[in-house]
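Chemist: Next comes the structure file structure10.cif, holding mmCIF, C-alpha atoms.
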```
data_query
#
loop_
_atom_site.label_atom_id
_atom_site.label_comp_id
_atom_site.auth_asym_id
_atom_site.auth_seq_id
_atom_site.Cartn_x
_atom_site.Cartn_y
_atom_site.Cartn_z
CA MET L 20 0.00 0.00 0.00
CA GLU L 21 1.19 3.42 -0.93
CA ARG L 22 2.07 5.73 1.92
CA ILE L 23 -0.27 8.60 2.70
CA LEU L 24 1.77 11.75 2.64
CA THR L 25 -0.60 14.09 4.49
CA ASP L 26 -3.17 13.74 7.22
CA PRO L 27 -6.61 13.38 5.58
CA ALA L 28 -8.28 14.90 8.64
CA LEU L 29 -6.74 18.23 7.68
CA GLU L 30 -8.34 18.19 4.21
CA ALA L 31 -11.34 20.52 3.54
CA GLN L 32 -14.38 19.30 1.70
CA PRO L 33 -14.16 20.35 -1.98
CA ASN L 34 -16.78 22.49 -3.74
CA PHE L 35 -18.66 19.99 -5.85
CA GLU L 36 -20.55 22.77 -7.67
CA SER L 37 -17.31 24.04 -9.16
CA ALA L 38 -16.30 23.40 -12.74
CA ALA L 39 -13.86 20.72 -11.61
CA TYR L 40 -16.77 18.46 -10.52
CA ALA L 41 -19.29 19.54 -13.20
CA GLY L 42 -18.92 16.37 -15.25
CA TRP L 43 -19.53 14.13 -12.23
CA LEU L 44 -22.50 16.27 -11.11
CA ASN L 45 -24.10 16.28 -14.59
CA ALA L 46 -23.72 12.50 -14.85
CA LEU L 47 -25.56 12.00 -11.56
CA VAL L 48 -28.37 14.39 -12.60
CA ALA L 49 -28.67 12.62 -15.93
CA GLY L 50 -29.19 9.42 -13.99
CA GLY L 51 -32.50 10.70 -12.77
CA ILE L 52 -31.79 12.37 -9.40
CA THR L 53 -32.10 15.95 -8.45
CA ARG L 54 -29.15 18.31 -8.38
CA GLU L 55 -29.41 18.60 -4.58
CA ASP L 56 -29.41 14.83 -4.13
CA ALA L 57 -26.47 14.53 -6.50
CA LEU L 58 -24.46 17.10 -4.51
CA GLU L 59 -25.39 15.30 -1.28
CA ASN L 60 -24.28 11.94 -2.71
CA MET L 61 -21.00 13.45 -3.88
CA ALA L 62 -20.36 14.95 -0.41
CA ASN L 63 -21.19 11.69 1.36
CA GLY L 64 -18.91 9.73 -0.95
CA TRP L 65 -16.04 12.10 -0.30
CA ARG L 66 -16.59 11.98 3.47
CA PHE L 67 -16.65 8.14 3.39
CA GLU L 68 -13.48 7.93 1.33
CA ARG L 69 -11.86 10.56 3.55
CA GLN L 70 -12.70 8.53 6.67
CA GLU L 71 -11.10 5.46 5.13
CA ARG L 72 -7.96 7.45 4.40
CA ILE L 73 -8.01 8.84 7.95
CA THR L 74 -8.14 5.26 9.31
CA LEU L 75 -5.26 4.25 7.05
CA TRP L 76 -3.37 7.36 8.08
CA GLU L 77 -3.80 6.54 11.76
CA GLU L 78 -2.63 2.98 11.14
CA GLN L 79 0.32 4.32 9.20
CA VAL L 80 1.21 6.76 11.98
CA GLU L 81 0.93 4.01 14.57
CA GLU L 82 3.13 1.70 12.49
CA ASP L 83 5.69 4.45 12.02
CA ALA L 84 5.66 5.10 15.75
CA ARG L 85 6.13 1.39 16.47
CA ILE L 86 9.05 1.15 14.07
CA LEU L 87 10.57 4.28 15.60
CA ARG L 88 10.16 2.88 19.11
CA GLU L 89 11.77 -0.39 18.11
CA ARG L 90 14.64 1.41 16.43
CA LEU L 91 15.18 3.63 19.44
CA GLU L 92 14.93 0.67 21.79
CA ARG L 93 17.43 -1.25 19.70
CA GLU L 94 19.81 1.69 19.61
CA ARG L 95 19.41 2.18 23.36
CA ALA L 96 20.10 -1.52 23.99
CA GLU L 97 23.15 -1.42 21.74
CA LYS L 98 24.41 1.69 23.50
CA GLU L 99 23.86 0.10 26.90
CA ALA L 100 25.68 -3.03 25.74
CA GLU L 101 28.60 -0.94 24.55
CA GLU L 102 28.68 1.00 27.79
CA GLN L 103 28.49 -2.21 29.79
CA GLU L 104 31.36 -3.67 27.78
CA GLU L 105 33.38 -0.52 28.34
CA ARG L 106 32.68 -0.71 32.07
CA ARG L 107 33.66 -4.38 32.06
CA GLU L 108 36.94 -3.60 30.31
CA ALA L 109 37.59 -0.70 32.66
CA GLU L 110 36.84 -2.99 35.62
CA LYS L 111 39.40 -5.47 34.32
CA LYS L 112 42.03 -2.75 34.15
CA LYS L 113 41.08 -1.31 37.49
CA PRO L 114 43.38 -2.33 40.38
CA LYS L 115 41.75 -4.98 42.54
CA ILE L 116 41.61 -5.00 46.31
CA ASN L 117 40.09 -7.76 48.37
CA ASP L 118 37.68 -7.38 51.24
CA PHE L 119 38.88 -7.51 54.86
CA ASP L 120 37.60 -8.76 58.18
CA ALA L 121 36.48 -5.79 60.26
CA GLY L 122 37.19 -7.66 63.50
CA SER L 123 40.69 -8.90 62.60
CA VAL L 124 43.91 -7.20 63.75
CA VAL L 125 47.42 -7.35 62.32
CA ALA L 126 49.57 -10.34 63.32
CA ASP L 127 51.95 -10.11 66.27
CA VAL L 128 54.92 -10.81 63.97
CA ILE L 129 55.36 -9.45 60.43
CA ILE L 130 57.62 -11.53 58.21
CA PRO L 131 60.05 -9.32 56.21
CA ARG L 132 59.29 -9.14 52.50
CA PRO L 133 61.90 -10.57 50.09
CA SER L 134 62.65 -9.20 46.65
CA GLN L 135 60.22 -9.42 43.73
CA TYR L 136 62.65 -11.84 42.10
CA ALA L 137 62.38 -14.26 45.03
CA ILE L 138 58.60 -13.90 45.26
CA GLN L 139 58.25 -14.68 41.55
CA LYS L 140 60.43 -17.76 41.99
CA ILE L 141 58.21 -18.92 44.83
CA LYS L 142 55.04 -18.33 42.78
CA ASN L 143 56.55 -20.39 39.95
CA MET L 144 57.55 -23.08 42.51
CA GLU L 145 61.18 -22.86 41.39
CA TYR L 146 64.45 -23.06 43.33
CA VAL L 147 65.62 -19.85 44.98
CA GLU L 148 68.44 -19.27 47.45
CA LEU L 149 67.44 -18.93 51.10
CA TRP L 150 69.55 -15.76 51.34
CA TYR L 151 66.69 -13.80 49.76
CA PHE L 152 64.55 -14.63 52.82
CA SER L 153 67.22 -13.77 55.38
CA PRO L 154 67.25 -10.36 57.13
CA ASP L 155 70.16 -9.29 54.92
CA GLY L 156 68.31 -10.32 51.75
CA CYS L 157 65.07 -8.59 52.78
CA HIS L 158 66.96 -5.43 53.75
CA GLU L 159 68.76 -5.41 50.41
CA ALA L 160 65.40 -5.91 48.65
CA SER L 161 63.83 -2.92 50.41
CA THR L 162 66.85 -0.74 49.63
CA THR L 163 66.85 -1.75 45.98
CA ALA L 164 63.08 -1.23 45.71
CA ARG L 165 63.41 2.37 46.89
CA SER L 166 66.28 3.12 44.52
CA THR L 167 64.58 1.57 41.46
CA SER L 168 61.00 2.72 42.03
CA ASP L 169 61.17 4.90 38.91
CA SER L 170 61.83 1.85 36.71
CA ASP L 171 58.85 -0.18 37.88
CA ASP L 172 57.18 0.25 34.48
CA ALA L 173 60.00 -1.59 32.68
CA TYR L 174 58.84 -4.95 31.32
CA GLY L 175 60.38 -8.00 29.73
CA PHE L 176 59.13 -11.15 28.02
CA ALA L 177 58.60 -14.36 29.99
CA LYS L 178 57.06 -17.75 29.26
CA VAL L 179 54.14 -18.51 31.57
CA ASP L 180 52.26 -21.79 31.10
CA GLY L 181 53.48 -22.03 27.53
CA ILE L 182 52.41 -18.46 26.71
CA VAL L 183 54.74 -15.50 26.20
CA ALA L 184 53.76 -12.73 28.61
CA LEU L 185 55.07 -9.37 29.78
CA LYS L 186 56.48 -9.19 33.31
CA THR L 187 58.30 -6.51 35.27
CA LEU L 188 62.07 -6.61 35.00
CA ALA L 189 62.29 -6.66 38.79
CA SER L 190 61.01 -10.24 38.74
CA PHE L 191 63.94 -11.28 36.51
CA LYS L 192 66.84 -9.59 38.27
CA ALA L 193 68.81 -11.65 40.78
CA SER L 194 70.86 -9.91 43.44
CA HIS L 195 74.65 -9.91 43.05
CA LYS L 196 74.87 -10.10 46.83
CA ALA L 197 72.99 -13.39 47.04
CA LEU L 198 74.80 -16.25 48.82
CA GLN L 199 74.51 -19.97 48.29
CA ASP L 200 72.80 -21.83 51.11
CA HIS L 201 76.05 -23.44 52.31
CA ASP L 202 77.71 -20.00 52.52
CA LEU L 203 75.13 -18.68 54.99
CA SER L 204 75.82 -18.44 58.67
CA TRP L 205 73.79 -20.75 60.87
CA CYS L 206 71.76 -17.81 62.19
CA GLN L 207 71.01 -16.60 58.65
CA PHE L 208 69.95 -20.09 57.61
CA ASP L 209 67.69 -20.55 60.64
CA LEU L 210 65.90 -17.23 60.11
CA ALA L 211 65.67 -17.56 56.33
CA LYS L 212 64.12 -21.05 56.33
CA THR L 213 61.30 -19.83 58.61
CA SER L 214 60.47 -16.94 56.26
CA PHE L 215 60.78 -19.29 53.28
CA LEU L 216 58.22 -21.71 54.73
CA VAL L 217 55.80 -18.84 55.40
CA HIS L 218 56.03 -17.54 51.84
CA ILE L 219 55.55 -20.93 50.17
CA GLU L 220 52.40 -21.35 52.26
CA LYS L 221 51.13 -17.93 51.11
CA SER L 222 51.85 -18.88 47.50
CA GLY L 223 49.74 -22.01 47.78
CA TRP L 224 52.36 -24.75 47.47
CA PRO L 225 50.90 -28.26 47.82
CA ASP L 226 50.57 -29.39 51.44
CA LYS L 227 52.68 -32.48 50.72
CA HIS L 228 55.61 -30.37 49.55
CA GLN L 229 55.25 -27.94 52.46
CA GLN L 230 55.27 -30.74 55.01
CA ALA L 231 58.30 -32.42 53.44
CA LEU L 232 60.27 -29.15 53.47
CA ALA L 233 59.24 -28.39 57.05
CA LEU L 234 60.46 -31.83 58.15
CA PHE L 235 63.66 -31.37 56.14
CA PHE L 236 64.54 -28.10 57.88
CA THR L 237 63.56 -29.54 61.27
CA LEU L 238 65.96 -32.47 60.83
CA ILE L 239 68.75 -30.09 59.82
CA THR L 240 68.35 -27.60 62.67
CA ASN L 241 67.92 -30.33 65.32
CA HIS L 242 70.62 -32.73 64.09
CA GLU L 243 72.83 -34.19 66.80
CA HIS L 244 76.02 -33.28 64.91
CA ARG L 245 75.26 -29.58 65.04
CA MET L 246 77.37 -29.11 68.20
CA ARG L 247 80.42 -30.80 66.67
CA PRO L 248 83.34 -28.65 65.46
CA ARG L 249 82.35 -28.88 61.79
CA GLY L 250 78.73 -29.89 62.37
CA GLU L 251 76.94 -26.69 61.32
CA LYS L 252 79.16 -26.27 58.28
CA THR L 253 78.47 -29.84 57.15
CA LEU L 254 74.74 -29.54 57.78
CA LEU L 255 74.55 -26.32 55.77
CA ARG L 256 76.28 -28.00 52.84
CA TYR L 257 73.94 -30.98 53.08
CA ALA L 258 70.88 -28.69 53.18
CA GLY L 259 72.03 -26.58 50.23
CA PHE L 260 72.97 -29.50 47.98
CA VAL L 261 69.90 -31.62 48.78
CA ARG L 262 67.36 -28.80 48.30
CA ARG L 263 68.89 -27.86 44.96
CA GLU L 264 68.85 -31.52 43.87
CA TRP L 265 65.22 -31.82 45.01
CA HIS L 266 64.09 -28.99 42.75
CA ASP L 267 66.11 -30.34 39.81
CA ARG L 268 64.54 -33.78 40.21
CA LEU L 269 61.04 -32.32 40.52
CA ALA L 270 61.54 -30.51 37.21
CA GLN L 271 62.48 -33.89 35.66
CA ASN L 272 59.47 -35.62 37.26
CA GLN L 273 61.86 -37.71 39.38
CA GLY L 274 61.11 -36.15 42.74
CA PHE L 275 62.17 -37.77 46.02
CA ASN L 276 61.10 -37.21 49.62
CA ILE L 277 63.33 -34.42 50.88
CA GLY L 278 62.06 -35.05 54.41
CA LEU L 279 64.03 -38.33 54.64
CA PHE L 280 67.58 -37.73 55.91
CA ASN L 281 70.32 -39.56 53.98
CA ASN L 282 73.06 -40.44 56.48
CA ALA L 283 75.34 -41.89 53.80
CA LEU L 284 75.29 -38.65 51.79
CA TYR L 285 75.80 -36.66 54.98
CA GLY L 286 78.86 -38.79 55.81
CA THR L 287 80.34 -38.16 52.36
CA ILE L 288 79.80 -34.41 52.69
CA SER L 289 81.33 -34.50 56.18
CA ASP L 290 84.45 -36.18 54.81
CA ASP L 291 84.68 -33.58 52.04
CA VAL L 292 84.44 -30.76 54.58
CA TRP L 293 87.16 -32.28 56.76
CA GLU L 294 89.48 -32.91 53.81
CA ALA L 295 89.00 -29.35 52.59
CA GLU L 296 89.92 -28.00 56.04
CA ARG L 297 92.93 -30.30 56.22
CA ASP L 298 94.18 -29.17 52.81
CA GLU L 299 93.67 -25.55 53.79
CA GLY L 300 95.59 -26.14 57.03
CA LEU L 301 98.51 -27.68 55.16
CA ARG L 302 98.54 -24.79 52.72
CA LEU L 303 98.63 -22.27 55.56
CA LEU L 304 101.42 -24.25 57.26
CA GLN L 305 103.51 -24.24 54.10
CA SER L 306 102.91 -20.53 53.65
CA SER L 307 104.02 -19.79 57.23
CA LEU L 308 107.16 -21.86 56.74
CA ALA L 309 108.00 -19.96 53.58
CA VAL L 310 107.52 -16.63 55.35
CA SER L 311 109.72 -17.68 58.30
CA GLY L 312 112.56 -18.65 55.93
CA TYR L 313 112.76 -22.29 57.03
CA THR L 314 114.98 -24.60 54.90
CA SER L 315 116.04 -28.22 55.29
CA ARG L 316 119.82 -27.49 54.97
CA PRO L 317 122.07 -29.06 57.64
CA ARG L 318 122.74 -26.99 60.71
CA GLY L 319 126.14 -25.27 61.12
CA ARG L 320 128.50 -23.31 58.89
CA GLU L 321 131.37 -24.14 56.56
CA VAL L 322 134.94 -23.22 57.66
CA SER L 323 138.26 -23.51 55.82
CA THR L 324 141.07 -25.60 57.31
CA SER L 325 144.39 -26.96 56.12
CA GLN L 326 142.65 -30.25 55.32
CA GLY L 327 139.93 -28.47 53.30
CA LYS L 328 136.50 -27.28 53.98
CA ARG L 329 134.47 -28.78 56.78
CA ARG L 330 131.13 -28.00 58.41
CA GLU L 331 131.24 -26.68 61.92
CA THR L 332 128.37 -27.85 64.05
CA SER L 333 126.61 -24.97 65.69
CA PRO L 334 125.88 -25.22 69.39
CA PRO L 335 122.33 -25.93 70.48
CA PRO L 336 120.21 -22.79 70.65
CA ASP L 337 119.76 -20.96 73.87
CA ASP L 338 116.48 -21.76 75.58
CA THR L 339 115.79 -18.07 75.89
CA HIS L 340 115.57 -17.63 72.09
CA TYR L 341 112.35 -18.15 70.22
CA HIS L 342 112.02 -21.27 68.12
CA PRO L 343 108.98 -21.73 65.89
CA TYR L 344 108.71 -25.51 66.47
CA ARG L 345 109.97 -25.89 70.05
CA SER L 346 108.12 -25.15 73.22
CA SER L 347 109.62 -22.53 75.51
CA ASN L 348 108.26 -24.40 78.49
CA PRO L 349 111.11 -26.48 80.06
CA ALA L 350 108.58 -29.01 81.26
CA ALA L 351 107.60 -29.68 77.68
CA LYS L 352 111.16 -30.70 76.68
CA LYS L 353 110.88 -34.12 78.25
CA PRO L 354 108.04 -36.52 77.67
CA TYR L 355 105.96 -37.48 80.61
CA LYS L 356 106.17 -40.98 81.95
CA GLY L 357 104.92 -43.51 79.45
CA GLN L 358 104.95 -41.03 76.55
CA PRO L 359 107.18 -42.09 73.61
CA SER L 360 109.64 -39.48 72.42
CA PHE L 361 110.78 -38.77 68.87
CA PRO L 362 114.07 -40.44 67.81
CA ALA L 363 117.28 -38.49 68.08
CA GLY L 364 117.93 -36.15 65.22
CA ALA L 365 114.29 -35.88 64.31
CA SER L 366 114.44 -32.12 64.89
CA ASN L 367 117.08 -31.78 62.17
CA SER L 368 114.93 -33.37 59.47
CA GLY L 369 112.16 -30.73 59.31
CA PRO L 370 109.20 -29.49 61.24
CA SER L 371 107.68 -31.75 63.82
CA ALA L 372 104.56 -33.75 63.02
CA CYS L 373 101.17 -32.39 64.05
CA ALA L 374 97.72 -33.76 64.44
CA LEU L 375 96.67 -32.05 61.18
CA CYS L 376 99.27 -34.09 59.23
CA LEU L 377 98.71 -37.34 61.10
CA GLY L 378 95.08 -37.51 60.16
CA ARG L 379 91.54 -36.81 61.34
CA PHE L 380 91.12 -36.28 65.08
#
```
Could you spell out this file's structure in structure tokens?

Modeler:
Amino acid sequence: MERILTDPALEAQPNFESAAYAGWLNALVAGGITREDALENMANGWRFERQERITLWEEQVEEDARILRERLERERAEKEAEEQEERREAEKKKPKINDFDAGSVVADVIIPRPSQYAIQKIKNMEYVELWYFSPDGCHEASTTARSTSDSDDAYGFAKVDGIVALKTLASFKASHKALQDHDLSWCQFDLAKTSFLVHIEKSGWPDKHQQALALFFTLITNHEHRMRPRGEKTLLRYAGFVRREWHDRLAQNQGFNIGLFNNALYGTISDDVWEAERDEGLRLLQSSLAVSGYTSRPRGREVSTSQGKRRETSPPPDDTHYHPYRSSNPAAKKPYKGQPSFPAGASNSGPSACALCLGRF
């Protein structure tokens, strides 16, 4: 149906007596009706046709209004969807903060925060030196964080779950001051392992791994050999080597129970520590002999005689003079009863034997 361009209700009734309608009027009169009846019929016909057009006009207006409402509603819905999507994207970019318990207070002890590098290692469940969790490591982390706060927006590429992602450079940078576990003091180790266990719990490590590590550190810190001369040094080496090996084996899907103490491995490490100290002691002894000018030449001096050169034996040294290998205590010159003495002339062959040279004691 063709559209009605104007409202028929606004149209005025035409003058049917005008020349424009004369043909229609004459045809009606010729049909046998009076002129007045013909004009009345023409007016009624126009009014009927006009009412039909008014009805169609109203339907057309209503349809146009419906289409307009639908279009506006659709546009409004699309706009709301766009705004909602924009709000959703803005919400994603907005910094998040979790809710808090209004009745909870801060803990009695606050564990120092390690560097971002160490925290990232913990989140990735990778090996990281305990030094980062010691007081020295946490202090160095806080100092570095203040000095590099302007470079926090620097990023680098990293592989996370098989996907290349951007991460802050602070999470990549290891400290040049970091120490291996076996180079820590016992106090540093004891404090660092406690902080380490707290942070792996916060990062959601599996309970099985947390319990094994807790038992591992407990066995180290409460080992009966700790009070021996080289006990702490040996235990630190055992702890450092075993924890590193544990992480390497886990990465190869060959993990072992780190909470089980290996006495055979500990014995091997103990022997290595003792041998290293023995070798260092011998080196220091040789260095001190070189500094003191000791040689193995025979005692005395050469003199010329009519029969040729001969060596004159020098008298024994005065007890009041210092000797690097002889005790100045007269009581120490003679062995006590039952103690074997060195054979005669042993003092002319070189320095006396010591416990370090004779073996482990």

Chemist: Let me make sure I understand: among L:Asn60, L:Ser37, L:Thr237, L:Thr253, which one has the smallest atom-to-atom distance to Asn282 in chain L if we use only C-alpha atoms?

Modeler: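 Closest residue, counting only C-alpha atoms: L:Thr253.
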
Chemist: For the structure shown, which residues end up in the PyMOL selection byres ((chain L and resi 152) around 10)? Put them as a list in words, please?

Modeler: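 Output of the PyMOL selection byres ((chain L and resi 152) around 10): Ile130, Pro131, Arg132, Pro133, Ser134, Ala137, Ile138, Val147, Glu148, Leu149, Trp150, Tyr151, Ser153, Pro154, Asp155, Gly156, Cys157, His158, Ala160, Gln207, Phe208, Leu210, Ala211, Lys212, Thr213, Ser214, Phe215, Leu216 and His218 of chain L.
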
Chemist: Enclose the full set of atoms of range 127-138 of chain L listed in the file within a box whose edges lie along x, y and z, apply 5 Å of padding to each of the six sides, and report centre and edge lengths in Å to one decimal as lines of an AutoDock Vina configuration file.

Modeler:
```
center_x = 57.3
center_y = -11.7
center_z = 54.2
size_x = 20.7
size_y = 15.1
size_z = 34.2
```

Chemist: Please indicate the distance in Å from CA of Glu59 in chain L to CA of Trp76 in chain L, rounded to one decimal place.

Modeler: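 Those two atoms sit 25.2 Å apart.
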
Chemist: What residues have an atom no more than 12 Å from (-17.4, 10.8, 4.8) in the file's own frame, counting only C-alpha atoms, and can you write them as a count of residues only?

Modeler: 21

Chemist: Measure the distance from CA of Thr240 in chain L to CA of Lys252 in chain L in Å and round it to one decimal.

Modeler: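 These two atoms are separated by 11.7 Å.
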
Chemist: Could you please determine the separation between CA of Asn276 in chain L and CA of Asp226 in chain L in Å, to one decimal place?

Modeler: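 Atom-to-atom, CA of Asn276 in chain L and CA of Asp226 in chain L are spaced 13.2 Å apart.
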
Chemist: Run the PyMOL selection byres ((chain L and resi 288) around 10) mentally over the shown coordinates, then write out the matched residues as a list in words, using the chain letters and numbers from the document.

Modeler: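 Listing what the PyMOL selection byres ((chain L and resi 288) around 10) selects in the shown file: Lys252, Thr253, Leu254, Arg256, Tyr257, Phe260, Asn282, Ala283, Leu284, Tyr285, Gly286, Thr287, Ser289, Asp290, Asp291, Val292, Trp293 and Glu294 of chain L.
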